[in-house]
>>> print(open('structure-v9.cif').read())   # mmCIF, C-alpha atoms and all ligand atoms
data_entry
#
loop_
_atom_site.label_atom_id
_atom_site.label_comp_id
_atom_site.auth_asym_id
_atom_site.auth_seq_id
_atom_site.Cartn_x
_atom_site.Cartn_y
_atom_site.Cartn_z
CA MET P 113 -122.45 144.52 151.64
CA LYS P 114 -123.55 144.49 148.00
CA LYS P 115 -122.86 147.64 146.01
CA LEU P 116 -125.83 149.65 144.68
CA LEU P 117 -125.87 152.68 142.39
CA LEU P 118 -128.74 154.97 143.40
CA HIS P 119 -130.13 157.25 140.74
CA VAL P 120 -130.78 160.60 142.45
CA CYS P 121 -133.63 162.47 140.77
CA CYS P 122 -133.29 165.28 143.33
CA ALA P 123 -131.70 165.64 146.77
CA PRO P 124 -134.96 165.77 148.81
CA ASP P 125 -136.17 162.48 147.29
CA ALA P 126 -132.75 160.91 147.80
CA THR P 127 -132.85 161.47 151.58
CA THR P 128 -135.48 158.84 152.36
CA ALA P 129 -134.32 156.49 149.59
CA TYR P 130 -130.75 156.54 150.89
CA LEU P 131 -131.74 155.97 154.53
CA ARG P 132 -133.84 152.96 153.53
CA LEU P 133 -131.28 151.47 151.15
CA LYS P 134 -128.18 151.89 153.28
CA GLU P 135 -129.56 149.29 155.67
CA LYS P 136 -129.14 146.67 152.94
CA PHE P 137 -126.55 148.00 150.50
CA ASP P 138 -123.34 149.92 150.10
CA VAL P 139 -124.87 152.91 148.27
CA ASP P 140 -123.34 155.47 145.90
CA PHE P 141 -125.26 158.35 144.29
CA TYR P 142 -125.57 158.88 140.56
CA PHE P 143 -127.09 162.16 139.36
CA TYR P 144 -128.45 161.84 135.84
CA ASN P 145 -131.42 164.00 134.84
CA PRO P 146 -131.27 165.29 131.27
CA ASN P 147 -135.02 165.98 131.49
CA VAL P 148 -134.51 169.02 133.73
CA HIS P 149 -135.09 172.42 132.14
CA PRO P 150 -133.64 175.04 132.18
CA ARG P 151 -129.92 174.58 132.83
CA GLU P 152 -130.02 176.88 135.93
CA GLU P 153 -132.66 174.61 137.47
CA TYR P 154 -130.50 171.58 136.68
CA GLU P 155 -127.53 173.23 138.44
CA LYS P 156 -129.65 173.98 141.52
CA ARG P 157 -130.74 170.33 141.80
CA LEU P 158 -127.20 169.09 141.22
CA ASP P 159 -125.79 171.50 143.83
CA ALA P 160 -128.35 170.27 146.38
CA THR P 161 -127.27 166.68 145.63
CA ARG P 162 -123.60 167.61 146.06
CA LYS P 163 -124.48 169.16 149.41
CA LEU P 164 -126.37 166.06 150.57
CA ALA P 165 -123.56 163.75 149.42
CA LYS P 166 -121.03 165.87 151.32
CA VAL P 167 -123.07 166.09 154.54
CA TRP P 168 -123.83 162.36 154.56
CA ASN P 169 -120.44 161.36 153.18
CA VAL P 170 -121.79 159.45 150.16
CA LYS P 171 -119.84 159.07 146.92
CA LEU P 172 -121.51 161.03 144.11
CA ILE P 173 -121.04 160.29 140.41
CA GLU P 174 -122.24 163.15 138.23
CA GLY P 175 -123.77 162.21 134.87
CA LEU P 176 -123.71 164.49 131.85
CA TYR P 177 -126.35 167.12 131.18
CA GLU P 178 -127.63 166.01 127.78
CA PRO P 179 -131.16 167.39 127.27
CA GLU P 180 -131.21 166.20 123.65
CA LYS P 181 -131.41 162.61 124.99
CA TYR P 182 -134.58 163.54 126.90
CA PHE P 183 -136.20 165.16 123.86
CA GLN P 184 -135.36 162.11 121.69
CA ALA P 185 -136.89 159.79 124.29
CA VAL P 186 -140.25 161.59 124.56
CA LYS P 187 -140.55 162.56 120.88
CA GLY P 188 -144.16 162.48 119.72
CA HIS P 189 -145.51 162.38 123.28
CA GLU P 190 -144.56 165.87 124.48
CA HIS P 191 -148.20 166.97 124.68
CA LEU P 192 -149.15 164.30 127.23
CA GLY P 193 -149.40 165.47 130.85
CA GLU P 194 -147.69 164.44 134.07
CA MET P 195 -147.92 160.71 135.02
CA SER P 196 -148.54 159.85 131.34
CA TYR P 197 -146.64 157.70 128.85
CA ARG P 198 -144.31 160.69 128.34
CA CYS P 199 -143.16 160.21 131.93
CA PHE P 200 -142.63 156.49 131.42
CA LEU P 201 -140.34 157.25 128.47
CA CYS P 202 -138.50 159.91 130.47
CA ILE P 203 -137.99 157.60 133.45
CA ARG P 204 -136.97 154.68 131.24
CA GLN P 205 -134.37 156.79 129.43
CA ARG P 206 -132.81 157.77 132.75
CA LEU P 207 -132.90 154.26 134.23
CA PHE P 208 -131.34 152.75 131.10
CA LYS P 209 -128.41 155.13 131.58
CA VAL P 210 -128.17 154.31 135.30
CA ALA P 211 -128.13 150.57 134.56
CA GLU P 212 -125.54 151.07 131.83
CA VAL P 213 -123.22 153.00 134.17
CA ALA P 214 -123.84 150.49 136.97
CA GLN P 215 -122.78 147.70 134.60
CA GLU P 216 -119.66 149.56 133.44
CA LEU P 217 -118.56 150.31 137.01
CA GLY P 218 -119.30 146.84 138.38
CA TYR P 219 -122.28 147.54 140.64
CA GLU P 220 -124.48 144.52 141.39
CA TYR P 221 -127.64 146.60 141.83
CA PHE P 222 -129.14 149.89 140.76
CA SER P 223 -132.13 151.81 142.10
CA THR P 224 -133.79 155.24 141.91
CA SER P 225 -135.06 157.82 144.39
CA LEU P 226 -138.05 158.61 142.13
CA PRO P 227 -140.69 156.69 144.20
CA THR P 228 -140.17 159.04 147.19
CA SER P 229 -142.31 161.58 145.35
CA PRO P 230 -146.12 161.14 145.61
CA LYS P 231 -146.25 162.45 142.03
CA LYS P 232 -144.52 159.37 140.60
CA ASP P 233 -146.41 156.26 139.60
CA PHE P 234 -144.60 153.43 141.39
CA GLU P 235 -145.66 150.78 138.84
CA MET P 236 -144.30 152.94 136.05
CA VAL P 237 -140.92 153.12 137.79
CA VAL P 238 -140.93 149.34 138.37
CA LYS P 239 -141.69 148.65 134.70
CA ALA P 240 -138.95 151.00 133.46
CA GLY P 241 -136.44 149.57 135.96
CA LYS P 242 -137.18 145.99 134.95
CA GLU P 243 -136.66 146.83 131.28
CA ALA P 244 -133.30 148.41 132.17
CA GLN P 245 -132.37 145.34 134.24
CA GLU P 246 -133.22 143.09 131.31
CA ARG P 247 -131.18 145.18 128.89
CA PHE P 248 -128.00 145.62 130.97
CA GLY P 249 -128.01 142.58 133.24
CA VAL P 250 -127.69 144.57 136.51
CA LYS P 251 -130.28 143.83 139.22
CA PHE P 252 -132.92 146.48 139.84
CA TYR P 253 -133.87 146.91 143.49
CA ILE P 254 -136.78 149.17 144.33
CA GLU P 255 -139.10 150.04 147.22
CA ASP P 256 -141.99 152.47 147.34
CA PHE P 257 -140.01 154.91 149.49
CA LYS P 258 -142.94 157.29 149.97
CA LYS P 259 -144.75 154.63 152.03
CA SER P 260 -144.58 154.38 155.86
CA GLY P 261 -144.00 158.11 156.25
CA GLY P 262 -141.20 158.24 153.67
CA TYR P 263 -142.43 161.35 151.89
CA PRO P 264 -142.98 163.53 155.02
CA LEU P 265 -139.57 162.35 156.22
CA SER P 266 -137.96 163.63 153.01
CA VAL P 267 -139.70 167.02 153.48
CA LYS P 268 -138.50 167.22 157.09
CA LEU P 269 -134.91 166.22 156.27
CA SER P 270 -134.62 168.59 153.34
CA LYS P 271 -135.80 171.45 155.57
CA GLU P 272 -133.32 170.51 158.30
CA LEU P 273 -130.46 170.23 155.79
CA ASN P 274 -131.67 173.31 153.94
CA LEU P 275 -131.79 171.47 150.58
CA TYR P 276 -133.27 173.13 147.52
CA ARG P 277 -136.79 171.81 146.76
CA GLN P 278 -138.17 172.31 143.27
CA ASN P 279 -141.79 173.20 142.56
CA TYR P 280 -142.24 171.34 139.27
CA CYS P 281 -141.23 167.88 138.09
CA GLY P 282 -138.41 168.88 135.75
CA CYS P 283 -139.00 169.07 132.00
CA ILE P 284 -140.04 172.17 130.08
CA PHE P 285 -143.53 170.70 129.67
CA SER P 286 -144.01 170.16 133.40
CA PHE P 287 -142.67 173.69 133.98
CA ARG P 288 -145.40 175.11 131.71
CA GLU P 289 -148.03 172.77 133.17
CA ALA P 290 -147.14 173.91 136.70
CA ILE P 291 -147.56 177.58 135.69
CA GLU P 292 -150.93 176.82 134.09
CA GLN P 293 -152.00 174.88 137.18
CA ARG P 294 -151.00 177.73 139.50
CA GLU P 295 -152.90 180.27 137.38
CA LYS P 296 -155.99 178.05 137.36
CA SER P 297 -155.81 177.57 141.13
CA LYS P 298 -155.41 181.34 141.69
CA LYS P 299 -158.46 182.08 139.55
CA GLU P 300 -160.60 179.47 141.28
CA ARG P 301 -159.57 180.64 144.76
CA MET P 302 -160.23 184.27 143.86
CA GLU P 303 -163.74 183.34 142.69
CA LYS P 304 -164.42 181.49 145.96
CA ILE P 305 -163.16 184.46 148.00
CA GLN P 306 -165.45 186.84 146.10
CA ARG P 307 -168.39 184.51 146.70
CA ILE P 308 -167.75 184.32 150.46
CA LEU P 309 -167.38 188.09 150.71
CA LYS P 310 -170.56 188.65 148.73
CA GLU P 311 -172.60 186.12 150.73
CA ASN P 312 -171.52 187.81 153.95
CA ASP P 313 -171.94 191.32 152.65
CA ILE P 314 -168.30 192.21 153.29
CA SER P 315 -166.60 194.90 151.29
CA ILE P 316 -162.84 194.40 151.39
CA GLU P 317 -160.02 194.04 148.84
CA LEU P 318 -158.14 190.74 149.04
CA ASP P 319 -155.48 189.13 146.87
CA VAL P 320 -154.21 185.55 146.67
CA ASP P 321 -150.69 184.24 147.42
CA PRO P 322 -149.30 187.34 149.16
CA GLU P 323 -145.98 187.18 151.01
CA GLU P 324 -147.67 188.43 154.20
CA PHE P 325 -151.25 188.76 155.40
CA LEU P 326 -151.96 191.12 158.26
CA ILE P 327 -154.55 190.26 160.89
CA THR P 328 -155.49 193.32 162.88
CA HIS P 329 -158.28 193.88 165.42
CA ASN P 330 -159.91 196.07 162.83
CA LEU P 331 -160.00 193.23 160.30
CA LEU P 332 -161.31 190.75 162.85
CA ASN P 333 -164.06 193.16 163.87
CA ASN P 334 -165.02 193.61 160.23
CA ILE P 335 -165.19 190.02 159.08
CA GLY P 336 -165.09 187.83 162.20
CA PHE P 337 -162.80 184.88 162.94
CA ASP P 338 -165.11 182.25 161.40
CA ILE P 339 -165.06 183.91 157.99
CA LEU P 340 -161.34 184.53 158.29
CA GLN P 341 -160.81 180.81 158.85
CA LYS P 342 -162.55 180.13 155.54
CA LEU P 343 -160.60 182.83 153.70
CA ILE P 344 -157.01 182.13 154.79
CA PRO P 345 -156.68 178.71 153.02
CA LEU P 346 -157.93 180.42 149.84
CA ILE P 347 -155.63 183.43 150.20
CA ARG P 348 -152.65 181.18 151.08
CA PRO P 349 -150.22 183.78 152.42
CA ARG P 350 -146.62 182.75 153.10
CA THR P 351 -146.74 184.39 156.53
CA LEU P 352 -149.51 185.56 158.85
CA VAL P 353 -148.60 188.78 160.62
CA VAL P 354 -150.62 189.19 163.81
CA GLU P 355 -150.73 191.46 166.81
CA ARG P 356 -149.58 189.87 170.03
CA SER P 357 -153.00 190.02 171.70
CA ILE P 358 -154.61 188.20 168.73
CA TYR P 359 -151.78 185.68 168.69
CA GLU P 360 -152.18 184.94 172.41
CA LYS P 361 -155.91 184.38 171.93
CA TYR P 362 -155.88 182.11 168.86
CA TRP P 363 -152.44 180.48 168.51
CA PRO P 364 -150.63 180.84 171.85
CA GLU P 365 -147.00 179.66 171.68
CA ARG P 366 -147.40 178.26 168.16
CA LYS P 367 -144.99 178.87 165.32
CA ASN P 368 -147.61 177.99 162.72
CA ALA P 369 -151.37 178.38 162.37
CA ARG P 370 -153.49 175.61 160.87
CA PHE P 371 -156.63 176.15 158.79
CA GLY P 372 -157.78 172.67 157.79
CA LYS P 373 -154.93 171.28 155.70
CA PHE P 374 -153.35 174.69 155.19
CA LYS P 375 -150.49 175.53 157.53
CA VAL P 376 -148.90 178.99 157.68
CA LYS P 377 -145.99 180.53 159.57
CA ILE P 378 -146.92 183.22 162.15
CA LYS P 379 -145.01 186.45 162.72
CA VAL P 380 -146.00 188.30 165.88
CA LEU P 381 -145.85 192.08 166.19
CA GLU P 382 -146.40 193.89 169.45
CA GLN P 383 -148.72 196.34 167.74
CA ILE P 384 -149.60 196.89 164.09
CA SER P 385 -149.86 200.53 163.18
CA LEU P 386 -151.46 201.20 159.79
S1 LIG Q 401 -143.27 165.50 133.99
FE1 LIG Q 401 -141.42 164.73 135.03
S2 LIG Q 401 -141.36 162.52 134.68
FE2 LIG Q 401 -142.81 163.43 133.24
S3 LIG Q 401 -141.62 163.81 131.38
FE3 LIG Q 401 -141.53 165.70 132.56
S4 LIG Q 401 -139.71 165.52 133.84
FE4 LIG Q 401 -140.15 163.47 133.05
#
>>> encode(input="structure-v9.cif", output="structure tokens")
Amino acid sequence: MKKLLLHVCCAPDATTAYLRLKEKFDVDFYFYNPNVHPREEYEKRLDATRKLAKVWNVKLIEGLYEPEKYFQAVKGHEHLGEMSYRCFLCIRQRLFKVAEVAQELGYEYFSTSLPTSPKKDFEMVVKAGKEAQERFGVKFYIEDFKKSGGYPLSVKLSKELNLYRQNYCGCIFSFREAIEQREKSKKERMEKIQRILKENDISIELDVDPEEFLITHNLLNNIGFDILQKLIPLIRPRTLVVERSIYEKYWPERKNARFGKFKVKIKVLEQISL
């Protein structure tokens, strides 16, 4: 089989990419992500990649952490958002390094796990990869790994293997953008909750993004299940805590409750005493 060096942007994305590529190539991992900020976050992503490489018995080559290379690459374009030209420059910088290492170590092909993420523009990755291929003379092989269920598969596998999953793309700018986005979403959801409560003449204190949200008979009597169904996807708790009798009525034998697209874990208590 032909040898391919796979750039691992993060372990969850590498799961699907590796499973697809190993059918055609002899694959080794290469972790090179100088874009990731801060260093602790970089270490978490690298540790998850080490874990995946160990569990699946794949050779892992660890690149250097050299954030200055990222900042040089995106200079003058830092203010642009995610999926912008800034991201093209960031991806190109990484793929140039991957192609360079692939050439030095005698790989015939190189690739990247980046397309597993729905937040990456596939054409952007293709363009950057082709430029790297041109520059270093190593063949770039790529597939849109997110397609045909590739992204949900990566989510499932990373849960099963207990791999760390990040909640922002990587650079300091995407870190700040993610915080801003979360704050905006919180504000908008809070406004919608207030509107629903007002329209239905309900007087109750609610907060967004709590760890747990308690559903008692008292609460159900006060607001009704229909309104609750509208509120839960806006509140977005991590866990729904419900009394057994409520659980048996609405979600018998389920581990999770669904409210439209929002899915939440259920914890059942025999009786909730307040
Ligand atoms: S948002 Fe992601 S792809 Fe874009 S510059 Fe930042 S780390 Fe790179």
>>> atom_distance(input="structure-v9.cif", atom1="CA of Leu131 in chain P", atom2="CA of Arg162 in chain P")
16.5 Å
>>> residues_near_ligand(input="structure-v9.cif", ligand="ligand LIG 401 (chain Q)", cutoff="8 Å", atoms="only C-alpha atoms and all ligand atoms", output="list of chain:residue names")
P:Asn147, P:Val148, P:Val186, P:Glu190, P:Gly193, P:Glu194, P:Met195, P:Ser196, P:Arg198, P:Cys199, P:Phe200, P:Leu201, P:Cys202, P:Ile203, P:Lys232, P:Tyr280, P:Cys281, P:Gly282, P:Cys283, P:Ile284, P:Phe285, P:Ser286
>>> atom_distance(input="structure-v9.cif", atom1="CA of Ala240 in chain P", atom2="CA of Asp256 in chain P")
14.3 Å
>>> residues_around(input="structure-v9.cif", residues="range 154-159 of chain P", least_positions_apart="3", cutoff="9 Å", atoms="all atoms listed in the file", output="PyMOL selection string")
chain P and resi 121-123+143+145-151+162-164+174+177+275-278+282
>>> atom_distance(input="structure-v9.cif", atom1="CA of Lys115 in chain P", atom2="CA of Leu176 in chain P")
22.0 Å
>>> residues_around(input="structure-v9.cif", residues="Lys251 in chain P", least_positions_apart="5", cutoff="9 Å", atoms="only C-alpha atoms", output="number ranges by chain")
P: 211, 219-223, 242, 244-246
>>> closest_residue(input="structure-v9.cif", among="P:Lys342, P:Lys114, P:Ile347, P:Glu382", to="Glu360 in chain P", atoms="all atoms listed in the file")
P:Glu382
>>> closest_residue(input="structure-v9.cif", among="P:Leu226, P:Val380, P:Leu331, P:Leu116", to="Ser266 in chain P", atoms="only C-alpha atoms")
P:Leu226
>>> closest_residue(input="structure-v9.cif", among="P:Pro364, P:Pro349, P:Gly241, P:Pro124", to="Glu272 in chain P", atoms="only C-alpha atoms")
P:Pro124
>>> closest_residue(input="structure-v9.cif", among="P:Gln205, P:Pro179, P:His191, P:Arg294", to="Val320 in chain P", atoms="all atoms listed in the file")
P:Arg294
>>> closest_residue(input="structure-v9.cif", among="P:Asn334, P:Ile173, P:Ile327, P:Lys379", to="Ile358 in chain P", atoms="all atoms listed in the file")
P:Ile327
>>> residues_near_point(input="structure-v9.cif", point="(-146.3, 160.7, 148.8)", cutoff="9 Å", atoms="all atoms listed in the file", output="number ranges by chain")
P: 227-232, 257-259, 261-264
>>> residues_near_point(input="structure-v9.cif", point="(-168.5, 186.9, 147.8)", cutoff="12 Å", atoms="all atoms listed in the file", output="PDB file with C-alpha atoms, in the coordinates of the input")
ATOM      1  CA  ARG P 301    -159.570 180.640 144.760  1.00  0.00           C
ATOM      2  CA  MET P 302    -160.230 184.270 143.860  1.00  0.00           C
ATOM      3  CA  GLU P 303    -163.740 183.340 142.690  1.00  0.00           C
ATOM      4  CA  LYS P 304    -164.420 181.490 145.960  1.00  0.00           C
ATOM      5  CA  ILE P 305    -163.160 184.460 148.000  1.00  0.00           C
ATOM      6  CA  GLN P 306    -165.450 186.840 146.100  1.00  0.00           C
ATOM      7  CA  ARG P 307    -168.390 184.510 146.700  1.00  0.00           C
ATOM      8  CA  ILE P 308    -167.750 184.320 150.460  1.00  0.00           C
ATOM      9  CA  LEU P 309    -167.380 188.090 150.710  1.00  0.00           C
ATOM     10  CA  LYS P 310    -170.560 188.650 148.730  1.00  0.00           C
ATOM     11  CA  GLU P 311    -172.600 186.120 150.730  1.00  0.00           C
ATOM     12  CA  ASN P 312    -171.520 187.810 153.950  1.00  0.00           C
ATOM     13  CA  ASP P 313    -171.940 191.320 152.650  1.00  0.00           C
ATOM     14  CA  ILE P 314    -168.300 192.210 153.290  1.00  0.00           C
ATOM     15  CA  SER P 315    -166.600 194.900 151.290  1.00  0.00           C
ATOM     16  CA  ILE P 316    -162.840 194.400 151.390  1.00  0.00           C
ATOM     17  CA  GLU P 317    -160.020 194.040 148.840  1.00  0.00           C
ATOM     18  CA  LEU P 318    -158.140 190.740 149.040  1.00  0.00           C
ATOM     19  CA  ILE P 339    -165.060 183.910 157.990  1.00  0.00           C
ATOM     20  CA  LYS P 342    -162.550 180.130 155.540  1.00  0.00           C
ATOM     21  CA  LEU P 343    -160.600 182.830 153.700  1.00  0.00           C
TER      22      LEU P 343
END
>>> residues_around(input="structure-v9.cif", residues="Phe141 in chain P", least_positions_apart="6", cutoff="9 Å", atoms="all atoms listed in the file", output="list in words")
Leu116, Leu117, Leu118, His119, Val120, Ala126, Tyr130, Thr161, Ala165, Val170, Lys171, Leu172, Ile173 and Glu174 of chain P
